[in-house]
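Novice: Structure file data23.txt (compact mmCIF, C-alpha atoms) is given on the next line.
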# COMPACT_ATOMS: atom_id res chain seq x y z
CA MET W 1 91.87 122.06 112.33
CA SER W 2 91.21 125.09 110.19
CA ILE W 3 90.69 123.24 106.93
CA VAL W 4 89.20 119.94 105.88
CA PRO W 5 91.23 117.97 103.34
CA SER W 6 89.50 117.61 100.01
CA GLY W 7 88.03 114.28 99.04
CA SER W 8 87.77 111.19 101.19
CA PRO W 9 90.41 108.89 102.69
CA ILE W 10 92.24 106.61 100.29
CA TRP W 11 90.44 103.39 101.32
CA THR W 12 87.13 104.73 99.99
CA ARG W 13 88.63 104.46 96.49
CA THR W 14 87.00 107.66 95.36
CA ALA W 15 90.14 109.65 94.62
CA VAL W 16 90.29 111.91 91.60
CA HIS W 17 93.18 114.09 90.55
CA THR W 18 91.35 117.34 91.33
CA GLN W 19 91.33 116.45 95.02
CA TYR W 20 95.12 116.71 94.97
CA GLY W 21 95.24 119.98 93.07
CA GLY W 22 95.20 118.64 89.53
CA ASP W 23 93.11 120.12 86.76
CA VAL W 24 93.18 119.51 83.04
CA ASN W 25 93.50 123.27 82.55
CA LYS W 26 96.04 123.86 85.31
CA ARG W 27 98.59 126.49 84.31
CA ASN W 28 101.36 128.62 85.68
CA LEU W 29 100.56 132.29 86.24
CA LEU W 30 101.20 134.23 83.03
CA SER W 31 102.64 130.99 81.63
CA VAL W 32 105.86 131.64 83.49
CA GLY W 33 107.23 128.27 84.50
CA VAL W 34 109.52 127.18 87.25
CA VAL W 35 112.29 129.72 87.80
CA ASP W 36 114.44 127.52 90.01
CA ALA W 37 113.83 123.76 90.11
CA GLN W 38 115.38 123.63 93.55
CA THR W 39 112.89 126.03 95.09
CA ASP W 40 109.79 126.04 92.90
CA VAL W 41 106.98 123.64 92.06
CA GLY W 42 105.17 124.21 88.79
CA ALA W 43 101.66 123.47 87.60
CA GLU W 44 102.87 120.67 85.35
CA GLU W 45 104.48 118.92 88.31
CA ILE W 46 101.38 119.14 90.46
CA ALA W 47 99.36 117.86 87.51
CA ARG W 48 101.51 114.75 87.24
CA LEU W 49 101.70 114.19 90.98
CA SER W 50 97.93 114.42 91.40
CA ALA W 51 97.15 112.08 88.51
CA ASP W 52 99.64 109.47 89.64
CA LEU W 53 98.51 109.64 93.23
CA SER W 54 94.86 109.16 92.31
CA ALA W 55 95.83 106.18 90.13
CA LEU W 56 97.76 104.67 93.01
CA ALA W 57 94.82 105.22 95.32
CA ASN W 58 92.71 103.05 93.06
CA THR W 59 94.83 99.93 93.44
CA SER W 60 96.80 100.28 96.66
CA PRO W 61 96.04 97.46 99.08
CA PHE W 62 94.19 98.40 102.23
CA ALA W 63 96.41 96.14 104.28
CA VAL W 64 98.98 93.37 104.09
CA ILE W 65 98.53 91.17 107.13
CA THR W 66 100.77 88.29 108.17
CA TYR W 67 99.39 85.98 110.83
CA LEU W 68 99.99 82.64 112.50
CA ASN W 69 97.24 80.07 113.02
CA ASN W 70 97.36 78.67 116.55
CA ASP W 71 95.99 75.13 116.33
CA ALA W 72 98.24 72.82 118.33
CA SER W 73 97.17 74.80 121.37
CA PRO W 74 93.95 76.25 120.02
CA ALA W 75 93.81 80.01 120.41
CA ALA W 76 93.07 83.14 118.48
CA PRO W 77 95.55 83.67 115.67
CA THR W 78 98.64 85.73 116.30
CA ILE W 79 98.79 88.76 114.03
CA LEU W 80 102.46 89.10 113.29
CA LYS W 81 102.55 92.20 111.12
CA VAL W 82 100.15 94.66 109.57
CA TYR W 83 101.17 97.10 106.87
CA GLY W 84 98.09 99.12 106.21
CA GLN W 85 96.60 102.36 105.08
CA ILE W 86 95.45 102.68 108.68
CA GLY W 87 98.94 102.19 110.10
CA VAL W 88 101.78 99.75 110.55
CA ILE W 89 102.29 97.24 113.33
CA THR W 90 105.37 95.06 113.37
CA SER W 91 105.03 93.81 116.94
CA SER W 92 102.57 90.95 117.10
CA TYR W 93 99.18 91.00 118.75
CA SER W 94 96.56 88.39 119.55
CA GLY W 95 93.63 88.41 117.18
CA ASN W 96 91.21 88.66 120.07
CA ALA W 97 92.92 91.76 121.48
CA PRO W 98 93.66 94.06 118.55
CA PRO W 99 95.12 97.52 119.07
CA THR W 100 92.64 100.30 118.41
CA GLY W 101 92.00 100.64 114.72
CA PHE W 102 93.37 97.27 113.66
CA PRO W 103 91.37 94.19 112.64
CA SER W 104 90.45 91.43 115.03
CA ALA W 105 90.62 87.74 114.17
CA VAL W 106 88.97 84.65 115.63
CA ARG W 107 89.81 80.98 115.18
CA ASN W 108 87.01 78.86 113.69
CA GLY W 109 89.03 75.65 113.48
CA ASN W 110 92.31 74.37 112.17
CA ASP W 111 93.80 76.91 109.75
CA ASP W 112 90.40 78.59 109.63
CA VAL W 113 90.26 82.22 110.71
CA THR W 114 87.79 85.07 110.36
CA PHE W 115 89.05 88.64 110.31
CA THR W 116 86.72 91.49 111.17
CA PHE W 117 87.36 94.99 109.89
CA ALA W 118 85.64 98.19 110.90
CA SER W 119 83.04 99.55 108.53
CA SER W 120 84.72 102.96 108.75
CA TYR W 121 88.21 104.25 109.50
CA THR W 122 89.54 107.72 110.19
CA ASP W 123 92.52 109.43 108.56
CA PRO W 124 95.13 111.62 110.33
CA TYR W 125 92.93 114.70 109.79
CA GLY W 126 89.93 113.15 111.48
CA VAL W 127 88.09 112.46 108.25
CA SER W 128 86.25 109.15 108.26
CA GLY W 129 85.60 106.97 105.27
CA SER W 130 83.71 103.73 104.90
CA PHE W 131 85.52 100.49 104.19
CA ALA W 132 84.49 97.07 102.95
CA PRO W 133 86.99 94.46 101.72
CA MET W 134 86.86 94.20 97.92
CA GLY W 135 89.33 91.43 97.24
CA VAL W 136 91.89 89.18 98.86
CA ILE W 137 95.13 87.53 97.80
CA LEU W 138 96.81 84.94 99.99
CA GLY W 139 100.28 83.51 100.45
CA ILE W 140 101.47 80.76 102.75
CA ALA W 141 104.88 80.42 104.35
CA GLY W 142 106.43 77.03 104.96
CA SER W 143 107.97 74.01 103.32
CA SER W 144 104.81 71.91 102.92
CA ALA W 145 102.38 72.11 100.03
CA ARG W 146 99.39 74.21 101.06
CA VAL W 147 96.64 76.11 99.34
CA ALA W 148 94.67 79.00 100.83
CA THR W 149 91.20 80.21 99.94
CA TYR W 150 88.92 82.90 101.29
CA GLU W 151 85.29 83.77 101.82
CA GLN W 152 83.56 87.06 102.54
CA PRO W 153 80.73 86.11 104.91
CA THR W 154 79.74 89.74 105.47
CA SER W 155 80.73 93.13 104.14
CA THR W 156 83.31 93.60 106.88
CA THR W 157 84.65 90.08 107.39
CA VAL W 158 87.08 87.86 105.54
CA ARG W 159 87.41 84.16 106.35
CA VAL W 160 90.61 82.40 105.35
CA HIS W 161 91.20 78.66 105.07
CA VAL W 162 94.44 76.79 104.52
CA PHE W 163 94.42 73.22 103.23
CA HIS W 164 96.86 70.45 102.50
CA SER W 165 97.03 70.76 98.74
CA SER W 166 97.17 67.02 98.05
CA THR W 167 94.35 65.86 100.31
CA GLY W 168 92.21 68.93 100.78
CA ALA W 169 92.28 68.42 104.54
CA ALA W 170 92.58 71.47 106.76
CA GLY W 171 96.11 72.49 107.58
CA ASN W 172 97.29 73.58 110.97
CA ASP W 173 99.56 76.16 112.53
CA ASP W 174 100.37 77.72 109.17
CA THR W 175 101.62 81.25 108.67
CA VAL W 176 99.65 83.21 106.10
CA THR W 177 100.03 86.58 104.44
CA MET W 178 96.77 88.16 103.37
CA THR W 179 96.60 91.20 101.11
CA VAL W 180 93.26 92.96 101.36
CA TRP W 181 91.87 95.56 99.00
CA MET F 182 106.62 134.49 93.82
CA ALA F 183 106.53 136.15 97.17
CA LEU F 184 105.32 134.05 100.02
CA GLY F 185 102.64 135.33 102.31
CA ALA F 186 100.70 136.98 99.53
CA PHE F 187 98.79 135.72 96.54
CA ALA F 188 101.21 133.11 95.24
CA PRO F 189 99.94 131.15 92.22
CA PHE F 190 101.88 128.54 90.30
CA PRO F 191 104.75 128.06 90.22
CA PHE F 192 104.79 128.21 93.97
CA ARG F 193 107.91 128.54 96.00
CA LEU F 194 108.80 125.92 98.56
CA GLY F 195 109.12 127.17 102.09
CA GLY F 196 107.01 129.02 104.60
CA SER F 197 105.61 127.70 107.82
CA SER F 198 104.24 124.28 108.64
CA LEU F 199 100.75 125.75 108.67
CA GLU F 200 100.84 127.83 105.51
CA GLY F 201 103.64 126.46 103.41
CA LEU F 202 105.29 123.39 102.00
CA THR F 203 108.97 123.08 102.73
CA ALA F 204 111.54 121.66 100.36
CA ALA F 205 112.10 118.78 102.75
CA GLN F 206 108.40 117.97 102.89
CA HIS F 207 108.06 118.16 99.13
CA ALA F 208 111.10 115.95 98.69
CA ARG F 209 109.54 113.36 100.98
CA ILE F 210 106.25 113.46 99.03
CA CYS F 211 108.12 112.92 95.77
CA ALA F 212 110.30 110.09 97.07
CA ASP F 213 107.41 108.27 98.69
CA LEU F 214 105.15 108.68 95.68
CA VAL F 215 107.79 107.27 93.34
CA ALA F 216 108.45 104.39 95.72
CA ALA F 217 104.75 103.59 95.88
CA LYS F 218 104.44 103.76 92.09
CA GLN F 219 107.21 101.22 91.70
CA ALA F 220 105.48 98.62 93.86
CA ALA F 221 101.77 99.26 93.36
CA PRO F 222 99.53 96.90 91.41
CA LEU F 223 98.33 98.23 88.09
CA ALA F 224 94.98 96.54 88.45
CA VAL F 225 92.93 94.29 90.74
CA VAL F 226 90.26 92.22 89.03
CA THR F 227 87.65 89.86 90.47
CA VAL F 228 86.35 87.21 88.09
CA THR F 229 83.55 84.74 88.65
CA ARG F 230 82.87 81.57 86.71
CA ALA F 231 79.45 79.93 86.91
CA SER F 232 80.26 77.28 84.32
CA SER F 233 82.74 76.55 81.59
CA THR F 234 80.82 78.90 79.30
CA SER F 235 79.82 81.60 81.79
CA VAL F 236 82.66 83.83 82.95
CA SER F 237 82.46 87.47 83.97
CA ILE F 238 84.32 90.25 85.68
CA VAL F 239 82.45 91.40 88.78
CA LYS F 240 84.83 93.96 90.29
CA TYR F 241 87.56 96.10 88.83
CA PHE F 242 90.08 98.51 90.34
CA GLY F 243 92.72 99.83 88.01
CA GLN F 244 95.12 102.70 87.79
CA ASN F 245 93.00 103.66 84.79
CA GLY F 246 89.86 103.87 86.91
CA ILE F 247 87.39 101.97 89.03
CA GLY F 248 84.40 100.02 87.82
CA LEU F 249 83.54 97.67 85.01
CA ALA F 250 83.61 100.43 82.43
CA ASN F 251 87.39 100.46 82.86
CA ALA F 252 87.80 96.68 83.00
CA PRO F 253 89.76 94.65 80.46
CA ALA F 254 88.27 92.54 77.69
CA LEU F 255 87.55 89.01 78.85
CA ALA F 256 88.09 85.84 76.87
CA PHE F 257 88.05 82.23 78.03
CA ASN F 258 88.44 78.69 76.87
CA THR F 259 85.70 76.23 77.58
CA GLY F 260 87.02 72.72 77.34
CA THR F 261 89.36 70.22 78.83
CA PRO F 262 92.22 70.63 79.23
CA ASP F 263 92.09 74.38 78.69
CA LEU F 264 89.76 76.41 80.90
CA SER F 265 92.01 79.44 80.98
CA VAL F 266 90.82 83.04 81.25
CA THR F 267 92.52 85.84 79.35
CA LEU F 268 92.30 89.51 80.30
CA THR F 269 93.31 91.95 77.58
CA PHE F 270 93.67 95.55 78.64
CA ALA F 271 93.13 98.63 76.52
CA PRO F 272 95.60 101.49 76.89
CA PHE F 273 95.44 103.31 80.22
CA ALA F 274 94.70 107.04 79.96
CA ASP F 275 95.45 109.52 82.71
CA PRO F 276 93.15 112.50 83.40
CA TYR F 277 95.18 114.63 80.98
CA GLY F 278 94.64 112.33 78.03
CA ILE F 279 98.11 110.79 78.08
CA THR F 280 97.62 107.20 76.97
CA VAL F 281 99.97 104.27 77.38
CA TYR F 282 99.46 100.50 77.28
CA PRO F 283 100.13 98.85 80.63
CA ASP F 284 103.05 96.45 80.56
CA PHE F 285 102.46 93.72 83.12
CA THR F 286 105.16 91.68 84.78
CA THR F 287 103.23 89.31 87.02
CA ALA F 288 99.96 88.56 88.75
CA HIS F 289 98.91 86.88 91.96
CA GLY F 290 95.51 85.52 92.82
CA ALA F 291 93.36 83.74 95.36
CA VAL F 292 90.13 81.83 95.01
CA SER F 293 87.03 82.60 97.03
CA GLN F 294 84.96 79.53 97.67
CA PRO F 295 82.58 78.03 100.22
CA THR F 296 84.04 76.26 103.22
CA SER F 297 82.72 72.91 102.09
CA SER F 298 84.43 72.93 98.72
CA ALA F 299 87.66 71.20 97.86
CA PRO F 300 90.48 73.73 97.79
CA GLU F 301 91.19 75.53 94.55
CA LEU F 302 94.15 77.60 93.60
CA PHE F 303 94.92 80.38 91.19
CA GLN F 304 97.59 79.65 88.60
CA LEU F 305 99.13 82.38 86.49
CA MET F 306 99.84 81.17 82.98
CA SER F 307 101.34 84.33 81.52
CA ALA F 308 101.61 88.05 82.11
CA GLY F 309 103.17 90.35 79.60
CA ASN F 310 102.47 93.49 77.63
CA ASN F 311 98.79 94.22 78.26
CA VAL F 312 97.57 90.64 78.63
CA VAL F 313 97.18 88.35 81.64
CA LYS F 314 96.18 84.70 81.36
CA PHE F 315 95.31 82.44 84.27
CA THR F 316 93.38 79.38 85.31
CA VAL F 317 92.12 77.73 88.49
CA PHE F 318 93.03 74.24 89.61
CA ALA F 319 91.55 71.86 92.14
CA SER F 320 94.52 71.17 94.33
CA THR F 321 93.61 67.60 95.17
CA THR F 322 93.27 66.46 91.56
CA SER F 323 95.50 68.97 89.78
CA SER F 324 92.67 69.40 87.29
CA GLU F 325 91.35 72.72 86.06
CA VAL F 326 87.94 73.62 87.41
CA SER F 327 85.09 74.95 85.31
CA SER F 328 83.33 76.99 87.99
CA TYR F 329 84.33 79.05 90.99
CA THR F 330 82.69 81.62 93.21
CA ALA F 331 85.33 84.23 92.54
CA VAL F 332 89.02 84.73 92.03
CA THR F 333 90.78 87.95 92.94
CA VAL F 334 93.72 88.75 90.66
CA GLY F 335 96.25 91.43 91.50
CA ILE F 336 98.30 92.48 88.48
CA TRP F 337 101.67 94.23 88.60
Let me see whether you can do it: turn the structure in this file into structure tokens.
Specialist:
Amino acid sequence: MSIVPSGSPIWTRTAVHTQYGGDVNKRNLLSVGVVDAQTDVGAEEIARLSADLSALANTSPFAVITYLNNDASPAAPTILKVYGQIGVITSSYSGNAPPTGFPSAVRNGNDDVTFTFASSYTDPYGVSGSFAPMGVILGIAGSSARVATYEQPTSTTVRVHVFHSSTGAAGNDDTVTMTVW
Amino acid sequence: MALGAFAPFPFRLGGSSLEGLTAAQHARICADLVAAKQAAPLAVVTVTRASSTSVSIVKYFGQNGIGLANAPALAFNTGTPDLSVTLTFAPFADPYGITVYPDFTTAHGAVSQPTSSAPELFQLMSAGNNVVKFTVFASTTSSEVSSYTAVTVGIW
């Protein structure tokens, strides 16, 4: 590759508008604006695009992961879908055999799973950037009352629990969607 | 502007895949960026509560910036039955000095807690204009809790 993209990959959350070509003093040459909106891109458009993209980079989730706890026949959780900044997988995989670049997951007990992420990922240009989960939001599918909580045992792991909401006992075989920042 | 030579703004769409940006590629960038804008959270906030009277924001990611310097103002109630937390955001400014108040529509959250604790759940109380209000309940008792390790709140 003959150039290196400016800045770092989105998951490092270090984006600023200048990395995308924005500048507070950006201008069109000789102040001549777009001649034909169908063929030209002006400085004011790049300025907006770069600012909005850097704002989005601040808050975009790293990944939205839907998985199934396997408790009746205890086994690693089944990762059903991953929509992530590192890629998309809509065909399921076992948590103990993740495709390259996707998180692994181990079963600790009923509705108790620990996901492990890499400490660094690489973008399509070969640029690597460090990653550590910063926050988690959880949702549970099903017709029974459940509540999910999380822990961050280490900088690269997230542990998720699902409980019966009325008793506080561990659930089992629940399907969970985890959004990770 | 002629392509292949010094071509400052406004630049003309076209050229090769190595040295240009085609109209089709630019159209895809625009469509995808707008789509992402429509669905992206405006802010992600992590709040910790050591006691009924000790509440703080520990992490902040917002479309206005990253870090506590960009975080919203925090207010909280301290007594039964109201242990709610209120986040009030200042106007968001982009890098060009264009300033607009965020207008929130909803928020989702999850509680971080030790394995041994009784399960707790995030409950949104209101989200509108630039203010989000929430609390945390113990699921087994349906009572608000006065301390929690952390709660992550995503705000749209």
Novice: Quick check: residues of chain W within 6 Å of chain F, all atoms listed in the file, returned as a ChimeraX atom specification.
Specialist: /W:24,28-29,34,39-43,55,58-59,135,137-138,149-151,165-168
Novice: Go through F:Glu325, F:Ser232, F:Asp213, F:Ala271 and flag the residue nearest Ala250 in chain F, using only C-alpha atoms for the distances.
Specialist: F:Ala271
Novice: Name the residues in contact with Ala256 in chain F at a cut-off of 8 Å, using only C-alpha atoms, excluding same-chain residues fewer than 2 positions from it; report them as a list of chain:residue names.
Specialist: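 The contact residues come out as F:Ala254, F:Asn258, F:Val266, F:Thr267, F:Leu268.
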Novice: Just how far from CA of Ser8 in chain W is CA of Ala57 in chain W, in Å to one decimal?
Specialist: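 One can read the CA of Ala57 in chain W to CA of Ser8 in chain W distance as 10.9 Å.
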Novice: Show me as a PyMOL selection string the residues that reach within 6 Å of (99.0, 71.3, 100.9), counting all atoms listed in the file and using the file's own coordinates.
Specialist: chain W and resi 145-147+163-166
Novice: Of the residues F:Gly260, F:Pro272, F:Pro253, F:Gly201, which is the one nearest to Lys314 in chain F, using all atoms listed in the file?
Specialist: F:Pro253
Novice: Between CA of Arg159 in chain W and CA of Thr116 in chain W, what is the spacing in Å?
Specialist: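 Result for CA of Thr116 in chain W versus CA of Arg159 in chain W: 8.8 Å, one decimal.
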Novice: For range 65-98 of chain W of the block above, can you save N, CA and C atoms as a short mmCIF file (atom, residue, chain, number, x, y, z; two decimals), in the first residue's frame?
Specialist:
data_model
loop_
_atom_site.label_atom_id
_atom_site.label_comp_id
_atom_site.auth_asym_id
_atom_site.auth_seq_id
_atom_site.Cartn_x
_atom_site.Cartn_y
_atom_site.Cartn_z
N ILE W 65 -23.61 -8.30 19.57
CA ILE W 65 -23.43 -9.75 19.54
C ILE W 65 -24.67 -10.43 20.12
N THR W 66 -25.26 -11.32 19.36
CA THR W 66 -26.39 -12.11 19.86
C THR W 66 -25.91 -13.55 20.03
N TYR W 67 -26.17 -14.09 21.22
CA TYR W 67 -25.69 -15.45 21.49
C TYR W 67 -26.72 -16.24 22.30
N LEU W 68 -26.54 -17.54 22.25
CA LEU W 68 -27.42 -18.48 22.95
C LEU W 68 -26.62 -19.22 24.02
N ASN W 69 -27.08 -19.16 25.26
CA ASN W 69 -26.47 -19.96 26.32
C ASN W 69 -26.88 -21.42 26.15
N ASN W 70 -25.91 -22.31 26.24
CA ASN W 70 -26.18 -23.74 26.11
C ASN W 70 -26.02 -24.41 27.46
N ASP W 71 -27.14 -24.57 28.17
CA ASP W 71 -27.09 -25.07 29.55
C ASP W 71 -27.74 -26.44 29.73
N ALA W 72 -28.79 -26.72 29.00
CA ALA W 72 -29.43 -28.02 29.14
C ALA W 72 -28.44 -29.13 28.80
N SER W 73 -27.71 -28.92 27.74
CA SER W 73 -26.56 -29.77 27.41
C SER W 73 -25.36 -28.85 27.47
N PRO W 74 -24.72 -28.77 28.61
CA PRO W 74 -23.70 -27.73 28.82
C PRO W 74 -22.62 -27.72 27.75
N ALA W 75 -22.45 -26.55 27.17
CA ALA W 75 -21.46 -26.37 26.11
C ALA W 75 -21.18 -24.89 25.96
N ALA W 76 -20.14 -24.60 25.23
CA ALA W 76 -19.82 -23.20 24.96
C ALA W 76 -21.03 -22.54 24.31
N PRO W 77 -21.23 -21.27 24.56
CA PRO W 77 -22.38 -20.59 23.95
C PRO W 77 -22.27 -20.57 22.44
N THR W 78 -23.44 -20.52 21.81
CA THR W 78 -23.48 -20.38 20.36
C THR W 78 -23.61 -18.90 20.02
N ILE W 79 -22.64 -18.39 19.28
CA ILE W 79 -22.70 -17.00 18.85
C ILE W 79 -23.53 -16.96 17.58
N LEU W 80 -24.68 -16.34 17.67
CA LEU W 80 -25.63 -16.38 16.56
C LEU W 80 -25.32 -15.34 15.50
N LYS W 81 -25.00 -14.14 15.96
CA LYS W 81 -24.73 -13.05 15.01
C LYS W 81 -23.75 -12.07 15.64
N VAL W 82 -22.90 -11.52 14.81
CA VAL W 82 -22.03 -10.43 15.25
C VAL W 82 -22.09 -9.34 14.19
N TYR W 83 -22.48 -8.15 14.62
CA TYR W 83 -22.39 -6.98 13.76
C TYR W 83 -21.34 -6.07 14.39
N GLY W 84 -20.20 -6.00 13.77
CA GLY W 84 -19.12 -5.30 14.45
C GLY W 84 -18.30 -4.41 13.54
N GLN W 85 -17.51 -3.58 14.18
CA GLN W 85 -16.58 -2.75 13.43
C GLN W 85 -15.48 -3.60 12.82
N ILE W 86 -15.36 -4.83 13.29
CA ILE W 86 -14.36 -5.74 12.76
C ILE W 86 -14.95 -6.67 11.70
N GLY W 87 -16.25 -6.57 11.46
CA GLY W 87 -16.88 -7.42 10.47
C GLY W 87 -18.25 -7.88 10.91
N VAL W 88 -18.91 -8.59 10.03
CA VAL W 88 -20.26 -9.08 10.29
C VAL W 88 -20.28 -10.59 10.08
N ILE W 89 -20.90 -11.29 11.02
CA ILE W 89 -21.12 -12.73 10.86
C ILE W 89 -22.58 -13.02 11.19
N THR W 90 -23.28 -13.57 10.25
CA THR W 90 -24.68 -13.92 10.48
C THR W 90 -24.90 -15.43 10.47
N SER W 91 -23.83 -16.18 10.25
CA SER W 91 -23.93 -17.64 10.42
C SER W 91 -23.27 -17.96 11.76
N SER W 92 -23.92 -18.77 12.55
CA SER W 92 -23.49 -18.95 13.94
C SER W 92 -22.16 -19.67 14.04
N TYR W 93 -21.50 -19.45 15.17
CA TYR W 93 -20.29 -20.21 15.48
C TYR W 93 -20.27 -20.54 16.97
N SER W 94 -19.53 -21.58 17.30
CA SER W 94 -19.38 -21.95 18.71
C SER W 94 -18.39 -21.01 19.38
N GLY W 95 -18.72 -20.61 20.60
CA GLY W 95 -17.85 -19.67 21.29
C GLY W 95 -16.43 -20.17 21.50
N ASN W 96 -16.26 -21.49 21.49
CA ASN W 96 -14.89 -22.00 21.68
C ASN W 96 -14.16 -22.20 20.37
N ALA W 97 -14.78 -21.82 19.26
CA ALA W 97 -14.12 -21.94 17.95
C ALA W 97 -14.45 -20.72 17.10
N PRO W 98 -14.02 -19.54 17.53
CA PRO W 98 -14.40 -18.33 16.80
C PRO W 98 -13.63 -18.20 15.49
#
